[in-house]
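K.L.:
Just passing along the structure, written as structure tokens.
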Amino acid sequence: VQLQASGGGLVQAGDSLRLSCAASGRSFSSYAVGWFRQAPGKEREFVTAVSGSGVTTDYADSVKGRFAISRDNAKKLVYLQMNSLKPEDTAVYYCAGRLTALSNITPGSQATLYNYWGQGTLVTVSS
């Protein structure tokens, strides 16, 4: 599967933004998809992930209650809705995919689990 993230931009603190991850290839529902981010000078960190079926999700504590992940398998899209953005959310956001045996399996938060990575999209939140 190939993935392409889009939707980044410059917003103010408190604003909302929605990122999209478009996939190409077959059997998209067999892939869990995660979002990761990397801020300047920092290591890449897990943000959220969704199982192939869309039923199971996982979130980093820093974004719980503010971010929401969803997917549309018919359109081969995964969305990251980001609300109440903070300056510390500023980063390059990447979507990544991993092939899973079961569509409802817990997607996983470790970047090493994911074999397919899209290019990043920059999100900048000004204070």
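Every chain in the structure tokens has a letter given in the order shown (A, B, ...), and although residue numbers restart at 1 in each chain, ligands are simply numbered from 1 in the order shown.
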If you count only C-alpha atoms, which residues fall within 9 Å of segment 64-77 of chain A, apart from same-chain ones fewer than 5 positions away, as a PDB file with N, CA and C atoms, in the first residue's frame?
P.N.:
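Generated file (part.pdb):
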```pdb
ATOM      1  N   SER A  20      -5.746  14.286   6.052  1.00  0.00           N
ATOM      2  CA  SER A  20      -6.202  13.106   5.323  1.00  0.00           C
ATOM      3  C   SER A  20      -5.013  12.257   4.934  1.00  0.00           C
ATOM      4  N   CYS A  21      -5.245  10.972   4.896  1.00  0.00           N
ATOM      5  CA  CYS A  21      -4.238  10.019   4.443  1.00  0.00           C
ATOM      6  C   CYS A  21      -4.898   9.182   3.355  1.00  0.00           C
ATOM      7  N   ALA A  22      -4.444   9.358   2.126  1.00  0.00           N
ATOM      8  CA  ALA A  22      -5.011   8.636   0.991  1.00  0.00           C
ATOM      9  C   ALA A  22      -4.153   7.424   0.671  1.00  0.00           C
ATOM     10  N   ALA A  23      -4.800   6.301   0.465  1.00  0.00           N
ATOM     11  CA  ALA A  23      -4.080   5.060   0.195  1.00  0.00           C
ATOM     12  C   ALA A  23      -4.335   4.580  -1.220  1.00  0.00           C
ATOM     13  N   SER A  24      -3.363   3.939  -1.761  1.00  0.00           N
ATOM     14  CA  SER A  24      -3.528   3.263  -3.039  1.00  0.00           C
ATOM     15  C   SER A  24      -3.088   1.823  -2.859  1.00  0.00           C
ATOM     16  N   GLY A  25      -3.642   0.944  -3.650  1.00  0.00           N
ATOM     17  CA  GLY A  25      -3.325  -0.468  -3.511  1.00  0.00           C
ATOM     18  C   GLY A  25      -4.559  -1.256  -3.136  1.00  0.00           C
ATOM     19  N   PHE A  28      -7.234  -2.474   1.351  1.00  0.00           N
ATOM     20  CA  PHE A  28      -6.941  -1.399   2.308  1.00  0.00           C
ATOM     21  C   PHE A  28      -7.451  -1.738   3.702  1.00  0.00           C
ATOM     22  N   SER A  29      -8.567  -2.429   3.798  1.00  0.00           N
ATOM     23  CA  SER A  29      -9.138  -2.762   5.103  1.00  0.00           C
ATOM     24  C   SER A  29      -8.282  -3.767   5.872  1.00  0.00           C
ATOM     25  N   VAL A  33      -3.843   1.745  10.281  1.00  0.00           N
ATOM     26  CA  VAL A  33      -3.187   2.999   9.904  1.00  0.00           C
ATOM     27  C   VAL A  33      -2.952   3.839  11.143  1.00  0.00           C
ATOM     28  N   GLY A  34      -1.763   4.350  11.249  1.00  0.00           N
ATOM     29  CA  GLY A  34      -1.427   5.204  12.375  1.00  0.00           C
ATOM     30  C   GLY A  34      -0.970   6.574  11.916  1.00  0.00           C
ATOM     31  N   TRP A  35      -1.099   7.523  12.800  1.00  0.00           N
ATOM     32  CA  TRP A  35      -0.538   8.866  12.602  1.00  0.00           C
ATOM     33  C   TRP A  35       0.574   9.059  13.613  1.00  0.00           C
ATOM     34  N   VAL A  47       0.739   9.330  17.621  1.00  0.00           N
ATOM     35  CA  VAL A  47      -0.393  10.210  17.866  1.00  0.00           C
ATOM     36  C   VAL A  47      -1.675   9.384  18.045  1.00  0.00           C
ATOM     37  N   THR A  48      -1.987   8.599  17.033  1.00  0.00           N
ATOM     38  CA  THR A  48      -3.213   7.807  17.072  1.00  0.00           C
ATOM     39  C   THR A  48      -3.158   6.745  15.987  1.00  0.00           C
ATOM     40  N   ALA A  49      -4.014   5.740  16.114  1.00  0.00           N
ATOM     41  CA  ALA A  49      -4.068   4.690  15.108  1.00  0.00           C
ATOM     42  C   ALA A  49      -5.451   4.066  15.091  1.00  0.00           C
ATOM     43  N   VAL A  50      -5.773   3.446  13.976  1.00  0.00           N
ATOM     44  CA  VAL A  50      -7.078   2.813  13.815  1.00  0.00           C
ATOM     45  C   VAL A  50      -6.885   1.458  13.152  1.00  0.00           C
ATOM     46  N   GLY A  52      -7.932  -1.921  10.886  1.00  0.00           N
ATOM     47  CA  GLY A  52      -8.378  -2.032   9.509  1.00  0.00           C
ATOM     48  C   GLY A  52      -9.877  -1.853   9.330  1.00  0.00           C
ATOM     49  N   SER A  53     -10.635  -2.341  10.290  1.00  0.00           N
ATOM     50  CA  SER A  53     -12.090  -2.227  10.223  1.00  0.00           C
ATOM     51  C   SER A  53     -12.592  -0.858  10.654  1.00  0.00           C
ATOM     52  N   GLY A  54     -11.738  -0.129  11.370  1.00  0.00           N
ATOM     53  CA  GLY A  54     -12.148   1.163  11.916  1.00  0.00           C
ATOM     54  C   GLY A  54     -12.762   1.072  13.299  1.00  0.00           C
ATOM     55  N   THR A  57      -9.451   1.838  18.045  1.00  0.00           N
ATOM     56  CA  THR A  57      -8.572   3.003  17.936  1.00  0.00           C
ATOM     57  C   THR A  57      -7.700   3.104  19.176  1.00  0.00           C
ATOM     58  N   ASP A  58      -6.649   3.880  19.048  1.00  0.00           N
ATOM     59  CA  ASP A  58      -5.737   4.129  20.154  1.00  0.00           C
ATOM     60  C   ASP A  58      -5.235   5.560  20.028  1.00  0.00           C
ATOM     61  N   TYR A  59      -5.023   6.214  21.168  1.00  0.00           N
ATOM     62  CA  TYR A  59      -4.594   7.610  21.159  1.00  0.00           C
ATOM     63  C   TYR A  59      -3.474   7.817  22.172  1.00  0.00           C
ATOM     64  N   MET A  82      -8.303  17.217  14.166  1.00  0.00           N
ATOM     65  CA  MET A  82      -7.562  17.807  15.279  1.00  0.00           C
ATOM     66  C   MET A  82      -8.286  19.067  15.748  1.00  0.00           C
ATOM     67  N   ASN A  83      -8.729  19.054  16.978  1.00  0.00           N
ATOM     68  CA  ASN A  83      -9.435  20.191  17.563  1.00  0.00           C
ATOM     69  C   ASN A  83      -8.623  20.767  18.718  1.00  0.00           C
ATOM     70  N   SER A  84      -8.957  21.974  19.086  1.00  0.00           N
ATOM     71  CA  SER A  84      -8.285  22.643  20.209  1.00  0.00           C
ATOM     72  C   SER A  84      -6.770  22.542  20.078  1.00  0.00           C
ATOM     73  N   LEU A  85      -6.285  22.878  18.926  1.00  0.00           N
ATOM     74  CA  LEU A  85      -4.856  22.737  18.672  1.00  0.00           C
ATOM     75  C   LEU A  85      -4.026  23.645  19.569  1.00  0.00           C
TER      76      LEU A  85
END
```
K.L.:
Report, in Å with one decimal, the straight-line distance from atom CA of Gln110 of chain A to atom CA of Ala60 of chain A.
P.N.:
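Value for the atom CA of Gln110 of chain A-atom CA of Ala60 of chain A distance: 11.2 Å.
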K.L.:
As an exercise, work out the distance from atom CA of Tyr31 of chain A to atom CA of Asn115 of chain A in Å and give it to one decimal place.
P.N.:
10.2 Å
K.L.:
Quick one: of A:Val125, A:Ala91, A:Leu113, A:Ala96, who's nearest to Arg37 of chain A, counting only C-alpha atoms?
P.N.:
A:Ala91
K.L.:
Point out the residue among A:Gly41, A:Gly120, A:Pro107, A:Gly14 with the least atom-to-atom distance to Tyr93 of chain A, counting only C-alpha atoms.
P.N.:
A:Gly120
K.L.:
Determine which residues of segment 11-74 of chain A DSSP labels as strand (DSSP E or B) from the backbone of this structure, then write them out as a PyMOL selection string.
P.N.:
chain A and resi 11-12+17-24+31-38+45-50+57-59+67-72
K.L.:
Just the selected residues (N, CA and C atoms), exported as a short mmCIF file (atom, residue, chain, number, x, y, z; two decimals), in the first residue's frame, please.
P.N.:
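This is the output file selection_33.cif:
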```cif
data_model
loop_
_atom_site.label_atom_id
_atom_site.label_comp_id
_atom_site.auth_asym_id
_atom_site.auth_seq_id
_atom_site.Cartn_x
_atom_site.Cartn_y
_atom_site.Cartn_z
N VAL A 11 -2.24 27.32 11.51
CA VAL A 11 -3.45 27.68 12.23
C VAL A 11 -3.07 28.34 13.56
N GLN A 12 -4.07 28.91 14.20
CA GLN A 12 -3.85 29.53 15.50
C GLN A 12 -4.26 28.54 16.60
N LEU A 17 -8.21 21.44 12.55
CA LEU A 17 -7.63 21.10 11.26
C LEU A 17 -7.89 19.62 11.03
N ARG A 18 -8.14 19.26 9.79
CA ARG A 18 -8.32 17.85 9.47
C ARG A 18 -7.28 17.39 8.46
N LEU A 19 -6.55 16.38 8.83
CA LEU A 19 -5.58 15.76 7.93
C LEU A 19 -6.22 14.55 7.26
N SER A 20 -5.75 14.29 6.05
CA SER A 20 -6.20 13.11 5.32
C SER A 20 -5.01 12.26 4.93
N CYS A 21 -5.25 10.97 4.90
CA CYS A 21 -4.24 10.02 4.44
C CYS A 21 -4.90 9.18 3.36
N ALA A 22 -4.44 9.36 2.13
CA ALA A 22 -5.01 8.64 0.99
C ALA A 22 -4.15 7.42 0.67
N ALA A 23 -4.80 6.30 0.46
CA ALA A 23 -4.08 5.06 0.20
C ALA A 23 -4.33 4.58 -1.22
N SER A 24 -3.36 3.94 -1.76
CA SER A 24 -3.53 3.26 -3.04
C SER A 24 -3.09 1.82 -2.86
N TYR A 31 -5.21 -3.21 6.49
CA TYR A 31 -4.12 -2.41 7.04
C TYR A 31 -4.62 -1.53 8.19
N ALA A 32 -3.96 -1.66 9.31
CA ALA A 32 -4.13 -0.66 10.35
C ALA A 32 -3.36 0.58 9.91
N VAL A 33 -3.84 1.74 10.28
CA VAL A 33 -3.19 3.00 9.90
C VAL A 33 -2.95 3.84 11.14
N GLY A 34 -1.76 4.35 11.25
CA GLY A 34 -1.43 5.20 12.38
C GLY A 34 -0.97 6.57 11.92
N TRP A 35 -1.10 7.52 12.80
CA TRP A 35 -0.54 8.87 12.60
C TRP A 35 0.57 9.06 13.61
N PHE A 36 1.68 9.55 13.14
CA PHE A 36 2.82 9.89 13.97
C PHE A 36 3.22 11.32 13.66
N ARG A 37 3.96 11.91 14.55
CA ARG A 37 4.41 13.28 14.29
C ARG A 37 5.83 13.46 14.80
N GLN A 38 6.50 14.41 14.20
CA GLN A 38 7.86 14.73 14.61
C GLN A 38 8.03 16.24 14.61
N GLU A 45 6.89 10.65 17.38
CA GLU A 45 6.04 10.11 18.42
C GLU A 45 4.69 9.68 17.86
N PHE A 46 4.12 8.71 18.52
CA PHE A 46 2.81 8.20 18.17
C PHE A 46 1.73 9.21 18.51
N VAL A 47 0.74 9.33 17.62
CA VAL A 47 -0.39 10.21 17.87
C VAL A 47 -1.67 9.38 18.05
N THR A 48 -1.99 8.60 17.03
CA THR A 48 -3.21 7.81 17.07
C THR A 48 -3.16 6.75 15.99
N ALA A 49 -4.01 5.74 16.11
CA ALA A 49 -4.07 4.69 15.11
C ALA A 49 -5.45 4.07 15.09
N VAL A 50 -5.77 3.45 13.98
CA VAL A 50 -7.08 2.81 13.81
C VAL A 50 -6.88 1.46 13.15
N THR A 57 -9.45 1.84 18.04
CA THR A 57 -8.57 3.00 17.94
C THR A 57 -7.70 3.10 19.18
N ASP A 58 -6.65 3.88 19.05
CA ASP A 58 -5.74 4.13 20.15
C ASP A 58 -5.23 5.56 20.03
N TYR A 59 -5.02 6.21 21.17
CA TYR A 59 -4.59 7.61 21.16
C TYR A 59 -3.47 7.82 22.17
N PHE A 67 -8.20 15.00 19.54
CA PHE A 67 -8.02 14.44 18.20
C PHE A 67 -8.94 13.25 18.02
N ALA A 68 -9.34 13.01 16.78
CA ALA A 68 -10.17 11.83 16.46
C ALA A 68 -9.73 11.25 15.13
N ILE A 69 -9.54 9.95 15.11
CA ILE A 69 -9.15 9.27 13.88
C ILE A 69 -10.36 8.50 13.35
N SER A 70 -10.48 8.47 12.05
CA SER A 70 -11.55 7.71 11.41
C SER A 70 -11.07 7.26 10.04
N ARG A 71 -11.79 6.34 9.46
CA ARG A 71 -11.40 5.88 8.14
C ARG A 71 -12.64 5.55 7.30
N ASP A 72 -12.45 5.67 6.01
CA ASP A 72 -13.48 5.31 5.03
C ASP A 72 -12.82 4.32 4.08
#
```
K.L.:
Quick one: of A:Thr90, A:Ser51, A:Gln81, A:Ser126, who's nearest to Gly108 of chain A, counting only C-alpha atoms?
P.N.:
A:Ser51
